[in-house]
$ cat start.csv   # CSV, C-alpha atoms and all ligand atoms
chain,number,residue,atom,x,y,z
A,17,MET,CA,-8.3,10.5,12.8
A,18,SER,CA,-10.0,9.6,16.1
A,19,THR,CA,-7.4,9.4,18.9
A,20,SER,CA,-8.5,5.9,19.6
A,21,ASN,CA,-7.8,4.7,16.1
A,22,ALA,CA,-4.6,6.6,15.9
A,23,GLN,CA,-3.4,5.0,19.1
A,24,ALA,CA,-4.6,1.6,17.9
A,25,GLN,CA,-2.6,1.9,14.7
A,26,ILE,CA,0.5,3.0,16.6
A,27,ASP,CA,0.2,0.0,19.0
A,28,LEU,CA,-0.6,-2.4,16.2
A,29,HIS,CA,2.4,-1.3,14.1
A,30,ARG,CA,4.7,-1.3,17.0
A,31,ALA,CA,4.2,-5.1,17.2
A,32,LEU,CA,4.2,-5.4,13.4
A,33,ALA,CA,7.5,-3.6,12.6
A,34,PRO,CA,9.8,-6.6,13.1
A,35,ARG,CA,7.4,-8.7,10.9
A,36,TYR,CA,7.8,-6.2,8.1
A,37,ALA,CA,11.5,-6.4,8.4
A,38,TYR,CA,11.2,-10.2,7.9
A,39,ARG,CA,8.6,-9.8,5.1
A,40,TYR,CA,11.1,-7.8,3.1
A,41,SER,CA,14.1,-9.9,3.8
A,42,LEU,CA,13.4,-13.0,1.6
A,43,PRO,CA,14.5,-12.9,-2.0
A,44,PHE,CA,11.1,-14.1,-3.4
A,45,SER,CA,9.1,-11.7,-1.3
A,46,ARG,CA,11.4,-8.8,-2.2
A,47,LEU,CA,10.9,-9.7,-5.9
A,48,PHE,CA,7.1,-9.6,-5.4
A,49,GLN,CA,7.3,-6.2,-3.6
A,50,GLN,CA,9.6,-4.8,-6.2
A,51,ASP,CA,7.3,-5.8,-9.0
A,52,TRP,CA,4.4,-4.1,-7.1
A,53,HIS,CA,6.5,-0.9,-6.7
A,54,ALA,CA,7.5,-1.0,-10.4
A,55,GLU,CA,3.8,-1.1,-11.3
A,56,MET,CA,3.1,1.9,-9.1
A,57,ILE,CA,6.1,3.9,-10.2
A,58,SER,CA,5.2,3.3,-13.9
A,59,HIS,CA,2.3,5.8,-13.4
A,60,VAL,CA,4.6,8.7,-12.4
A,61,PRO,CA,4.3,11.4,-15.0
A,62,SER,CA,7.5,12.6,-16.6
A,63,GLY,CA,9.1,15.5,-15.0
A,64,ALA,CA,7.7,14.8,-11.5
A,65,GLY,CA,10.3,15.4,-8.8
A,66,ARG,CA,8.8,16.0,-5.4
A,67,VAL,CA,7.5,12.7,-4.0
A,68,LEU,CA,5.7,11.8,-0.8
A,69,ASP,CA,5.1,8.2,0.4
A,70,LEU,CA,2.1,8.5,2.7
A,71,GLY,CA,2.1,5.6,5.2
A,72,CYS,CA,5.6,4.6,4.2
A,73,GLY,CA,6.0,2.1,7.0
A,74,THR,CA,9.5,0.6,7.2
A,75,GLY,CA,10.7,2.6,4.2
A,76,PHE,CA,11.3,-0.3,1.8
A,77,PHE,CA,9.4,1.4,-1.0
A,78,LEU,CA,10.7,4.8,0.0
A,79,ALA,CA,14.2,3.7,-0.6
A,80,GLU,CA,13.3,2.8,-4.2
A,81,LEU,CA,11.4,6.1,-4.6
A,82,ASP,CA,14.3,8.1,-3.3
A,83,ALA,CA,16.8,6.4,-5.7
A,84,LYS,CA,14.6,7.6,-8.6
A,85,HIS,CA,13.4,10.9,-7.0
A,86,PRO,CA,16.1,12.1,-4.6
A,87,GLY,CA,14.7,13.8,-1.5
A,88,ALA,CA,11.5,11.7,-1.4
A,89,VAL,CA,9.7,12.2,1.9
A,90,GLY,CA,8.1,9.4,4.0
A,91,LEU,CA,5.3,10.0,6.5
A,92,ASP,CA,4.0,7.4,8.9
A,93,ILE,CA,2.0,7.5,12.2
A,94,SER,CA,4.2,4.7,13.6
A,95,HIS,CA,7.6,5.7,14.8
A,96,ASP,CA,8.5,2.1,15.3
A,97,MET,CA,7.9,1.3,11.6
A,98,LEU,CA,9.9,4.4,10.6
A,99,ARG,CA,12.8,3.3,12.8
A,100,VAL,CA,13.3,0.1,10.6
A,101,SER,CA,13.9,2.3,7.5
A,102,GLU,CA,17.5,2.9,8.7
A,103,GLN,CA,18.4,-0.4,7.1
A,104,TYR,CA,17.0,0.5,3.7
A,105,ILE,CA,17.5,4.2,3.5
A,106,PRO,CA,19.8,5.7,6.2
A,107,GLY,CA,19.2,9.4,6.7
A,108,ALA,CA,15.8,9.3,5.0
A,109,ARG,CA,13.5,12.3,5.0
A,110,LEU,CA,10.9,11.0,7.5
A,111,VAL,CA,8.0,12.6,9.3
A,112,THR,CA,6.1,10.9,12.1
A,113,GLY,CA,2.6,12.2,11.6
A,114,ASP,CA,-1.0,11.5,10.9
A,115,ALA,CA,-2.2,11.3,7.2
A,116,GLU,CA,-5.4,13.0,8.4
A,117,ARG,CA,-3.4,16.1,9.5
A,118,LEU,CA,-0.6,16.6,7.0
A,119,PRO,CA,2.1,19.0,8.0
A,120,PHE,CA,3.0,20.1,4.5
A,121,GLN,CA,2.3,23.2,2.4
A,122,PRO,CA,-0.5,23.0,-0.2
A,123,GLY,CA,1.0,21.9,-3.5
A,124,ALA,CA,4.2,20.7,-2.0
A,125,PHE,CA,4.4,17.4,-4.0
A,126,ASP,CA,4.2,16.2,-7.6
A,127,VAL,CA,3.3,12.6,-6.6
A,128,VAL,CA,1.8,11.1,-3.5
A,129,PHE,CA,2.1,7.4,-3.1
A,130,CYS,CA,-0.1,5.4,-0.7
A,131,LYS,CA,0.6,1.7,-0.6
A,132,GLY,CA,-1.8,0.1,1.8
A,133,SER,CA,-2.4,3.0,4.2
A,134,LEU,CA,-5.8,4.4,3.3
A,135,HIS,CA,-7.7,1.4,4.7
A,136,HIS,CA,-6.1,2.0,8.2
A,137,VAL,CA,-7.8,5.4,8.7
A,138,ARG,CA,-11.4,5.9,9.5
A,139,ASP,CA,-12.1,9.2,7.6
A,140,HIS,CA,-11.2,8.1,4.1
A,141,VAL,CA,-12.5,11.3,2.5
A,142,ARG,CA,-10.4,13.5,4.7
A,143,PHE,CA,-7.3,11.4,4.0
A,144,LEU,CA,-7.9,11.7,0.2
A,145,ALA,CA,-8.7,15.5,0.5
A,146,ASN,CA,-5.4,15.9,2.3
A,147,CYS,CA,-3.6,14.1,-0.6
A,148,ARG,CA,-5.3,16.5,-3.0
A,149,GLU,CA,-4.3,19.5,-0.9
A,150,VAL,CA,-0.6,18.7,-0.9
A,151,LEU,CA,-0.5,17.9,-4.6
A,152,GLY,CA,0.4,20.5,-7.1
A,153,SER,CA,-2.3,21.2,-9.8
A,154,ASN,CA,-0.5,18.7,-12.2
A,155,GLY,CA,0.2,16.2,-9.4
A,156,VAL,CA,-0.9,12.6,-9.2
A,157,LEU,CA,-2.0,10.3,-6.4
A,158,ILE,CA,-0.9,6.7,-7.0
A,159,MET,CA,-2.6,4.4,-4.5
A,160,SER,CA,-2.9,0.7,-4.0
A,161,GLU,CA,-5.4,-0.7,-1.5
A,162,PRO,CA,-7.0,-4.0,-0.6
A,163,CYS,CA,-9.9,-4.8,-3.0
A,164,ASN,CA,-13.1,-6.5,-1.9
A,165,ASP,CA,-14.9,-6.8,-5.3
A,166,ASN,CA,-14.7,-10.5,-5.0
A,167,PRO,CA,-17.1,-11.9,-2.4
A,168,LEU,CA,-14.7,-14.7,-1.4
A,169,ILE,CA,-11.8,-12.3,-0.9
A,170,ARG,CA,-14.1,-9.9,1.0
A,171,PHE,CA,-15.2,-12.8,3.3
A,172,ALA,CA,-11.6,-14.1,3.9
A,173,ARG,CA,-10.4,-10.5,4.6
A,174,ALA,CA,-13.2,-9.8,7.0
A,175,VAL,CA,-12.4,-13.0,9.0
A,176,LEU,CA,-8.7,-12.2,9.0
A,177,TYR,CA,-9.1,-8.6,10.0
A,178,ARG,CA,-11.4,-9.5,12.9
A,179,LYS,CA,-9.6,-12.7,14.1
A,180,SER,CA,-5.9,-11.9,13.6
A,181,THR,CA,-4.0,-9.8,16.0
A,182,HIS,CA,-2.0,-8.5,13.1
A,183,PHE,CA,-4.9,-6.3,11.9
A,184,ASP,CA,-7.2,-3.8,13.5
A,185,GLU,CA,-10.8,-5.0,13.3
A,186,GLY,CA,-11.9,-1.5,12.0
A,187,ASP,CA,-9.7,-1.9,8.9
A,188,GLU,CA,-11.5,-2.8,5.7
A,189,GLY,CA,-11.0,-3.2,2.0
A,190,PHE,CA,-12.7,-1.3,-0.8
A,191,THR,CA,-14.7,-2.0,-3.8
A,192,ARG,CA,-13.5,-0.6,-7.1
A,193,LYS,CA,-16.6,1.6,-7.3
A,194,GLY,CA,-16.4,2.6,-3.6
A,195,ILE,CA,-12.8,3.8,-3.8
A,196,VAL,CA,-13.5,5.8,-6.9
A,197,ARG,CA,-16.4,7.5,-5.2
A,198,LEU,CA,-14.2,8.3,-2.1
A,199,CYS,CA,-11.6,9.9,-4.4
A,200,GLU,CA,-14.3,12.0,-6.0
A,201,GLN,CA,-15.6,13.1,-2.6
A,202,GLY,CA,-12.0,14.0,-1.7
A,203,GLY,CA,-11.8,16.4,-4.7
A,204,LEU,CA,-9.8,14.0,-7.0
A,205,GLU,CA,-10.5,12.9,-10.5
A,206,VAL,CA,-9.7,9.3,-11.2
A,207,ILE,CA,-7.6,8.7,-14.3
A,208,LYS,CA,-7.1,5.0,-14.1
A,209,VAL,CA,-8.1,2.0,-12.0
A,210,LYS,CA,-6.7,-1.5,-12.3
A,211,LYS,CA,-6.3,-4.6,-10.2
A,212,TYR,CA,-3.0,-6.0,-8.9
A,213,GLY,CA,-2.0,-9.3,-7.3
A,214,VAL,CA,-3.4,-12.7,-7.3
A,215,PHE,CA,-1.2,-15.8,-6.8
A,216,ALA,CA,2.1,-13.9,-6.2
A,217,TYR,CA,0.2,-11.7,-3.7
A,218,VAL,CA,-1.0,-14.6,-1.7
A,219,PHE,CA,2.1,-16.9,-1.8
A,220,ALA,CA,5.0,-14.4,-2.1
A,221,GLY,CA,3.7,-11.2,-0.6
A,222,PHE,CA,3.4,-12.0,3.1
A,223,PRO,CA,5.8,-14.8,4.2
A,224,ASP,CA,5.2,-13.6,7.8
A,225,HIS,CA,1.5,-14.7,7.4
A,226,LEU,CA,1.8,-17.5,4.9
A,227,GLY,CA,5.2,-19.0,4.7
A,228,VAL,CA,4.7,-22.0,2.5
A,229,LEU,CA,6.8,-20.7,-0.5
A,230,LYS,CA,9.9,-20.3,1.6
A,231,HIS,CA,10.1,-24.1,2.0
A,232,ILE,CA,9.9,-24.7,-1.8
A,233,PRO,CA,13.1,-24.8,-3.9
A,234,GLY,CA,13.0,-22.4,-6.8
A,235,ASN,CA,10.6,-20.0,-5.0
A,236,VAL,CA,12.1,-17.0,-6.9
A,237,TRP,CA,11.2,-18.7,-10.2
A,238,ILE,CA,7.8,-19.7,-9.0
A,239,THR,CA,7.2,-16.1,-7.9
A,240,ARG,CA,8.3,-14.9,-11.4
A,241,PHE,CA,5.8,-17.3,-13.0
A,242,PHE,CA,3.0,-16.1,-10.6
A,243,LEU,CA,3.8,-12.4,-11.4
A,244,GLY,CA,3.4,-13.1,-15.1
A,245,LEU,CA,0.2,-15.0,-14.6
A,246,ASP,CA,-1.2,-12.4,-12.3
A,247,ARG,CA,-0.6,-9.7,-14.9
A,248,VAL,CA,-2.6,-11.6,-17.4
A,249,LEU,CA,-5.4,-12.3,-14.9
A,250,CYS,CA,-5.6,-8.7,-13.8
A,251,ALA,CA,-5.8,-7.5,-17.3
A,252,THR,CA,-8.6,-9.9,-18.3
A,253,PRO,CA,-12.2,-8.7,-17.9
A,254,GLY,CA,-14.0,-11.0,-15.6
A,255,LEU,CA,-10.8,-12.6,-14.2
A,256,SER,CA,-9.6,-9.4,-12.8
A,257,LEU,CA,-12.2,-10.0,-10.1
A,258,LEU,CA,-9.4,-12.3,-8.6
A,259,GLY,CA,-7.2,-9.3,-7.9
A,260,PHE,CA,-6.4,-8.6,-4.2
A,261,HIS,CA,-5.5,-5.0,-4.6
A,262,VAL,CA,-7.0,-2.1,-6.5
A,263,LEU,CA,-4.6,0.5,-8.0
A,264,VAL,CA,-6.0,4.0,-8.4
A,265,ILE,CA,-4.3,6.9,-10.2
A,266,ALA,CA,-6.0,10.2,-9.6
A,267,ARG,CA,-5.3,13.9,-9.9
A,268,PRO,CA,-6.7,17.0,-8.3
A,269,ARG,CA,-10.0,18.0,-9.8
A,270,ALA,CA,-9.7,21.4,-11.5
A,301,LIG,C1,0.0,-1.9,5.6
A,301,LIG,S1,1.2,-0.9,6.2
A,301,LIG,C2,2.0,-0.4,4.7
A,301,LIG,C3,3.4,0.2,4.9
A,301,LIG,C4,4.2,0.5,3.6
A,301,LIG,N1,3.4,1.4,2.7
A,301,LIG,C5,4.5,-0.8,2.9
A,301,LIG,O1,4.0,-1.0,1.8
A,301,LIG,O2,5.3,-1.6,3.5
A,301,LIG,C6,0.3,0.6,6.6
A,301,LIG,C7,1.1,1.7,7.2
A,301,LIG,O3,0.2,2.8,7.4
A,301,LIG,C8,0.5,3.5,8.6
A,301,LIG,N2,-0.6,4.3,9.1
A,301,LIG,C9,-1.8,3.8,9.6
A,301,LIG,N3,-2.6,4.9,9.9
A,301,LIG,C10,-1.9,6.0,9.6
A,301,LIG,C11,-2.2,7.4,9.6
A,301,LIG,N4,-3.3,7.9,10.1
A,301,LIG,N5,-1.2,8.3,9.1
A,301,LIG,C12,-0.1,7.8,8.6
A,301,LIG,N6,0.3,6.5,8.6
A,301,LIG,C13,-0.6,5.6,9.0
A,301,LIG,C14,0.9,2.3,9.5
A,301,LIG,O4,1.7,2.8,10.6
A,301,LIG,C15,1.7,1.4,8.5
A,301,LIG,O5,3.1,1.7,8.5

$ encode --input "start.csv" --output "structure tokens"
Amino acid sequence: MSTSNAQAQIDLHRALAPRYAYRYSLPFSRLFQQDWHAEMISHVPSGAGRVLDLGCGTGFFLAELDAKHPGAVGLDISHDMLRVSEQYIPGARLVTGDAERLPFQPGAFDVVFCKGSLHHVRDHVRFLANCREVLGSNGVLIMSEPCNDNPLIRFARAVLYRKSTHFDEGDEGFTRKGIVRLCEQGGLEVIKVKKYGVFAYVFAGFPDHLGVLKHIPGNVWITRFFLGLDRVLCATPGLSLLGFHVLVIARPRA
């Protein structure tokens, strides 16, 4: 990663760390995040034990991963984000580092998770090649990234990333085709691609950005309803264009 982007991400996430703590503190937003995690975890092959969460941020997901796969490792470029993890997973196995220069042995992990970290780096192929390198030959990458297949979402995201101080203007989403191509260039074979998140993503996912649901009684039940609806939308050809994230499951190419 260029030093300037690395430093920009460190500075950005220093300011964002308290917002993440708030984001994961409300019952309805936790419910949404836990559903997202369950979707990602459902793709872990049986027998997988050694897990890395690449770009683990404040460790909210890592805590769940560690409960299922004791000894799960979290890596993040932002020490300020990692510091928040103490409240979810005291004594976690954490590494402050750059996903573009991983300090692990080849084949060290059975599963690498990336939840929203790829779009923060500038050399996507290098990031993905590094994931491939640290995966064992039967390992899997389970990744969820912002999806820009829908022109309206692409436009809204471009405006948000450029105008809001909570994003870096160099960050960008991916098209389904584009992220598959990047995986292939990084030496990975894509096994599955699906969309995740429509209404629950918008209204329950980020109360630090859009807080309307927190004022509405029954917001946990509303979130449950949205989660069910989103599942149907994302599984329906044509309507899956509404999905805000693209979930990619890939393995090292032989
Ligand atoms: C959108 S946040 C997601 C955090 C966490 N996965 C979650 O779902 O809460 C992206 C994370 O990627 C981290 N990040 C950005 N660039 C990185 C890099 N080059 N190497 C490792 N982590 C990076 C940021 O510090 C931040 O914690």

$ axis_aligned_box --input "start.csv" --around "ligand LIG 301 (chain A)" --padding-each-side "5 Å" --output "AutoDock Vina command-line options"
--center_x 1.0 --center_y 3.2 --center_z 6.2 --size_x 18.6 --size_y 20.2 --size_z 18.8

$ residues_near_ligand --input "start.csv" --ligand "ligand LIG 301 (chain A)" --cutoff "7 Å" --atoms "all atoms listed in the file" --output "MDAnalysis selection string"
chainID A and resid 17 22 25:26 29 36 70:77 91:94 97 113:116 130:133 136:137

$ closest_atom_pairs --input "start.csv" --of "segment 156-221 of chain A" --to "segment 257-263 of chain A" --cutoff "6 Å" --atoms "only C-alpha atoms" --output "JSON lines"
{"residue": "A:Met159", "atom": "CA", "partner": "A:Leu263", "partner_atom": "CA", "distance": 5.6}
{"residue": "A:Ser160", "atom": "CA", "partner": "A:Leu263", "partner_atom": "CA", "distance": 4.4}
{"residue": "A:Glu161", "atom": "CA", "partner": "A:His261", "partner_atom": "CA", "distance": 5.3}
{"residue": "A:Pro162", "atom": "CA", "partner": "A:His261", "partner_atom": "CA", "distance": 4.4}
{"residue": "A:Cys163", "atom": "CA", "partner": "A:His261", "partner_atom": "CA", "distance": 4.7}
{"residue": "A:Asn166", "atom": "CA", "partner": "A:Leu257", "partner_atom": "CA", "distance": 5.7}
{"residue": "A:Val209", "atom": "CA", "partner": "A:Leu263", "partner_atom": "CA", "distance": 5.5}
{"residue": "A:Lys210", "atom": "CA", "partner": "A:Leu263", "partner_atom": "CA", "distance": 5.2}
{"residue": "A:Lys211", "atom": "CA", "partner": "A:Val262", "partner_atom": "CA", "distance": 4.5}
{"residue": "A:Tyr212", "atom": "CA", "partner": "A:His261", "partner_atom": "CA", "distance": 5.1}
{"residue": "A:Gly213", "atom": "CA", "partner": "A:Gly259", "partner_atom": "CA", "distance": 5.2}
{"residue": "A:Val214", "atom": "CA", "partner": "A:Gly259", "partner_atom": "CA", "distance": 5.1}

$ closest_residue --input "start.csv" --among "A:Arg197, A:Lys179, A:Arg109, A:Arg173" --to "His140 of chain A" --atoms "all atoms listed in the file"
A:Arg197

$ residues_around --input "start.csv" --residues "Ile232 of chain A" --least-positions-apart "6" --cutoff "12 Å" --atoms "only C-alpha atoms" --output "list in words"
Phe44, Phe219, Ala220, Ile238 and Thr239 of chain A

$ atom_distance --input "start.csv" --atom1 "atom CA of Asp51 of chain A" --atom2 "atom CA of Arg240 of chain A"
9.5 Å

$ closest_residue --input "start.csv" --among "A:Phe143, A:Phe129, A:Tyr40, A:Phe171" --to "Ala88 of chain A" --atoms "all atoms listed in the file"
A:Phe129

$ residues_around --input "start.csv" --residues "Val196 of chain A" --least-positions-apart "6" --cutoff "10 Å" --atoms "all atoms listed in the file" --output "ChimeraX atom specification"
/A:190,202,204-209,264-266

$ atom_distance --input "start.csv" --atom1 "atom CA of Arg269 of chain A" --atom2 "atom CA of Gly203 of chain A"
5.6 Å

$ decode --input "start.csv" --residues "segment 166-177 of chain A" --atoms "all heavy atoms" --output "PDB file, in the first residue's frame"
ATOM      1  N   ASN A 166     -25.534  -1.650  -9.037  1.00  0.00           N
ATOM      2  CA  ASN A 166     -26.706  -0.797  -9.242  1.00  0.00           C
ATOM      3  C   ASN A 166     -26.246   0.656  -9.451  1.00  0.00           C
ATOM      4  O   ASN A 166     -25.578   1.234  -8.585  1.00  0.00           O
ATOM      5  CB  ASN A 166     -27.577  -0.910  -7.977  1.00  0.00           C
ATOM      6  CG  ASN A 166     -28.853  -0.130  -8.072  1.00  0.00           C
ATOM      7  OD1 ASN A 166     -28.912   0.907  -8.716  1.00  0.00           O
ATOM      8  ND2 ASN A 166     -29.879  -0.621  -7.410  1.00  0.00           N
ATOM      9  N   PRO A 167     -26.573   1.273 -10.597  1.00  0.00           N
ATOM     10  CA  PRO A 167     -26.086   2.637 -10.880  1.00  0.00           C
ATOM     11  C   PRO A 167     -26.485   3.650  -9.800  1.00  0.00           C
ATOM     12  O   PRO A 167     -25.714   4.560  -9.494  1.00  0.00           O
ATOM     13  CB  PRO A 167     -26.749   2.994 -12.212  1.00  0.00           C
ATOM     14  CG  PRO A 167     -27.253   1.719 -12.780  1.00  0.00           C
ATOM     15  CD  PRO A 167     -27.397   0.717 -11.681  1.00  0.00           C
ATOM     16  N   LEU A 168     -27.675   3.445  -9.192  1.00  0.00           N
ATOM     17  CA  LEU A 168     -28.095   4.406  -8.150  1.00  0.00           C
ATOM     18  C   LEU A 168     -27.226   4.272  -6.905  1.00  0.00           C
ATOM     19  O   LEU A 168     -26.822   5.261  -6.284  1.00  0.00           O
ATOM     20  CB  LEU A 168     -29.560   4.160  -7.773  1.00  0.00           C
ATOM     21  CG  LEU A 168     -30.581   4.646  -8.788  1.00  0.00           C
ATOM     22  CD1 LEU A 168     -31.988   4.286  -8.334  1.00  0.00           C
ATOM     23  CD2 LEU A 168     -30.437   6.165  -8.966  1.00  0.00           C
ATOM     24  N   ILE A 169     -26.958   3.013  -6.534  1.00  0.00           N
ATOM     25  CA  ILE A 169     -26.088   2.778  -5.364  1.00  0.00           C
ATOM     26  C   ILE A 169     -24.681   3.298  -5.670  1.00  0.00           C
ATOM     27  O   ILE A 169     -24.039   3.928  -4.823  1.00  0.00           O
ATOM     28  CB  ILE A 169     -26.061   1.278  -4.990  1.00  0.00           C
ATOM     29  CG1 ILE A 169     -27.456   0.822  -4.539  1.00  0.00           C
ATOM     30  CG2 ILE A 169     -25.008   0.994  -3.921  1.00  0.00           C
ATOM     31  CD1 ILE A 169     -27.574  -0.662  -4.196  1.00  0.00           C
ATOM     32  N   ARG A 170     -24.232   3.060  -6.915  1.00  0.00           N
ATOM     33  CA  ARG A 170     -22.877   3.515  -7.287  1.00  0.00           C
ATOM     34  C   ARG A 170     -22.782   5.043  -7.154  1.00  0.00           C
ATOM     35  O   ARG A 170     -21.834   5.579  -6.599  1.00  0.00           O
ATOM     36  CB  ARG A 170     -22.568   3.079  -8.731  1.00  0.00           C
ATOM     37  CG  ARG A 170     -21.186   3.495  -9.192  1.00  0.00           C
ATOM     38  CD  ARG A 170     -20.723   2.757 -10.428  1.00  0.00           C
ATOM     39  NE  ARG A 170     -21.585   2.960 -11.589  1.00  0.00           N
ATOM     40  CZ  ARG A 170     -22.210   1.996 -12.252  1.00  0.00           C
ATOM     41  NH1 ARG A 170     -22.066   0.746 -11.877  1.00  0.00           N
ATOM     42  NH2 ARG A 170     -22.960   2.262 -13.282  1.00  0.00           N
ATOM     43  N   PHE A 171     -23.815   5.718  -7.608  1.00  0.00           N
ATOM     44  CA  PHE A 171     -23.814   7.181  -7.558  1.00  0.00           C
ATOM     45  C   PHE A 171     -23.849   7.670  -6.100  1.00  0.00           C
ATOM     46  O   PHE A 171     -23.045   8.519  -5.688  1.00  0.00           O
ATOM     47  CB  PHE A 171     -25.030   7.718  -8.334  1.00  0.00           C
ATOM     48  CG  PHE A 171     -25.166   9.211  -8.242  1.00  0.00           C
ATOM     49  CD1 PHE A 171     -24.284  10.045  -8.922  1.00  0.00           C
ATOM     50  CD2 PHE A 171     -26.157   9.784  -7.450  1.00  0.00           C
ATOM     51  CE1 PHE A 171     -24.401  11.427  -8.809  1.00  0.00           C
ATOM     52  CE2 PHE A 171     -26.273  11.167  -7.343  1.00  0.00           C
ATOM     53  CZ  PHE A 171     -25.388  11.987  -8.025  1.00  0.00           C
ATOM     54  N   ALA A 172     -24.769   7.070  -5.309  1.00  0.00           N
ATOM     55  CA  ALA A 172     -24.905   7.501  -3.909  1.00  0.00           C
ATOM     56  C   ALA A 172     -23.590   7.275  -3.160  1.00  0.00           C
ATOM     57  O   ALA A 172     -23.140   8.129  -2.377  1.00  0.00           O
ATOM     58  CB  ALA A 172     -26.034   6.723  -3.238  1.00  0.00           C
ATOM     59  N   ARG A 173     -22.978   6.128  -3.449  1.00  0.00           N
ATOM     60  CA  ARG A 173     -21.720   5.807  -2.757  1.00  0.00           C
ATOM     61  C   ARG A 173     -20.615   6.770  -3.172  1.00  0.00           C
ATOM     62  O   ARG A 173     -19.836   7.241  -2.332  1.00  0.00           O
ATOM     63  CB  ARG A 173     -21.349   4.366  -3.119  1.00  0.00           C
ATOM     64  CG  ARG A 173     -20.469   3.713  -2.124  1.00  0.00           C
ATOM     65  CD  ARG A 173     -20.402   2.213  -2.357  1.00  0.00           C
ATOM     66  NE  ARG A 173     -21.083   1.454  -1.358  1.00  0.00           N
ATOM     67  CZ  ARG A 173     -21.787   0.346  -1.601  1.00  0.00           C
ATOM     68  NH1 ARG A 173     -21.918  -0.110  -2.820  1.00  0.00           N
ATOM     69  NH2 ARG A 173     -22.351  -0.301  -0.623  1.00  0.00           N
ATOM     70  N   ALA A 174     -20.551   7.076  -4.460  1.00  0.00           N
ATOM     71  CA  ALA A 174     -19.494   7.977  -4.946  1.00  0.00           C
ATOM     72  C   ALA A 174     -19.625   9.339  -4.260  1.00  0.00           C
ATOM     73  O   ALA A 174     -18.634   9.925  -3.818  1.00  0.00           O
ATOM     74  CB  ALA A 174     -19.597   8.129  -6.463  1.00  0.00           C
ATOM     75  N   VAL A 175     -20.864   9.807  -4.123  1.00  0.00           N
ATOM     76  CA  VAL A 175     -21.078  11.111  -3.475  1.00  0.00           C
ATOM     77  C   VAL A 175     -20.651  11.031  -2.010  1.00  0.00           C
ATOM     78  O   VAL A 175     -19.908  11.876  -1.497  1.00  0.00           O
ATOM     79  CB  VAL A 175     -22.566  11.541  -3.589  1.00  0.00           C
ATOM     80  CG1 VAL A 175     -22.835  12.785  -2.755  1.00  0.00           C
ATOM     81  CG2 VAL A 175     -22.940  11.762  -5.058  1.00  0.00           C
ATOM     82  N   LEU A 176     -21.124   9.948  -1.330  1.00  0.00           N
ATOM     83  CA  LEU A 176     -20.821   9.788   0.095  1.00  0.00           C
ATOM     84  C   LEU A 176     -19.304   9.692   0.331  1.00  0.00           C
ATOM     85  O   LEU A 176     -18.753  10.351   1.215  1.00  0.00           O
ATOM     86  CB  LEU A 176     -21.511   8.501   0.580  1.00  0.00           C
ATOM     87  CG  LEU A 176     -21.623   8.295   2.073  1.00  0.00           C
ATOM     88  CD1 LEU A 176     -22.532   9.359   2.687  1.00  0.00           C
ATOM     89  CD2 LEU A 176     -22.198   6.900   2.376  1.00  0.00           C
ATOM     90  N   TYR A 177     -18.622   8.878  -0.477  1.00  0.00           N
ATOM     91  CA  TYR A 177     -17.183   8.671  -0.275  1.00  0.00           C
ATOM     92  C   TYR A 177     -16.395   9.962  -0.515  1.00  0.00           C
ATOM     93  O   TYR A 177     -15.357  10.181   0.090  1.00  0.00           O
ATOM     94  CB  TYR A 177     -16.653   7.567  -1.202  1.00  0.00           C
ATOM     95  CG  TYR A 177     -16.995   6.143  -0.774  1.00  0.00           C
ATOM     96  CD1 TYR A 177     -17.848   5.871   0.294  1.00  0.00           C
ATOM     97  CD2 TYR A 177     -16.449   5.049  -1.447  1.00  0.00           C
ATOM     98  CE1 TYR A 177     -18.157   4.573   0.662  1.00  0.00           C
ATOM     99  CE2 TYR A 177     -16.753   3.738  -1.071  1.00  0.00           C
ATOM    100  CZ  TYR A 177     -17.617   3.517  -0.025  1.00  0.00           C
ATOM    101  OH  TYR A 177     -17.908   2.227   0.332  1.00  0.00           O
TER     102      TYR A 177
END
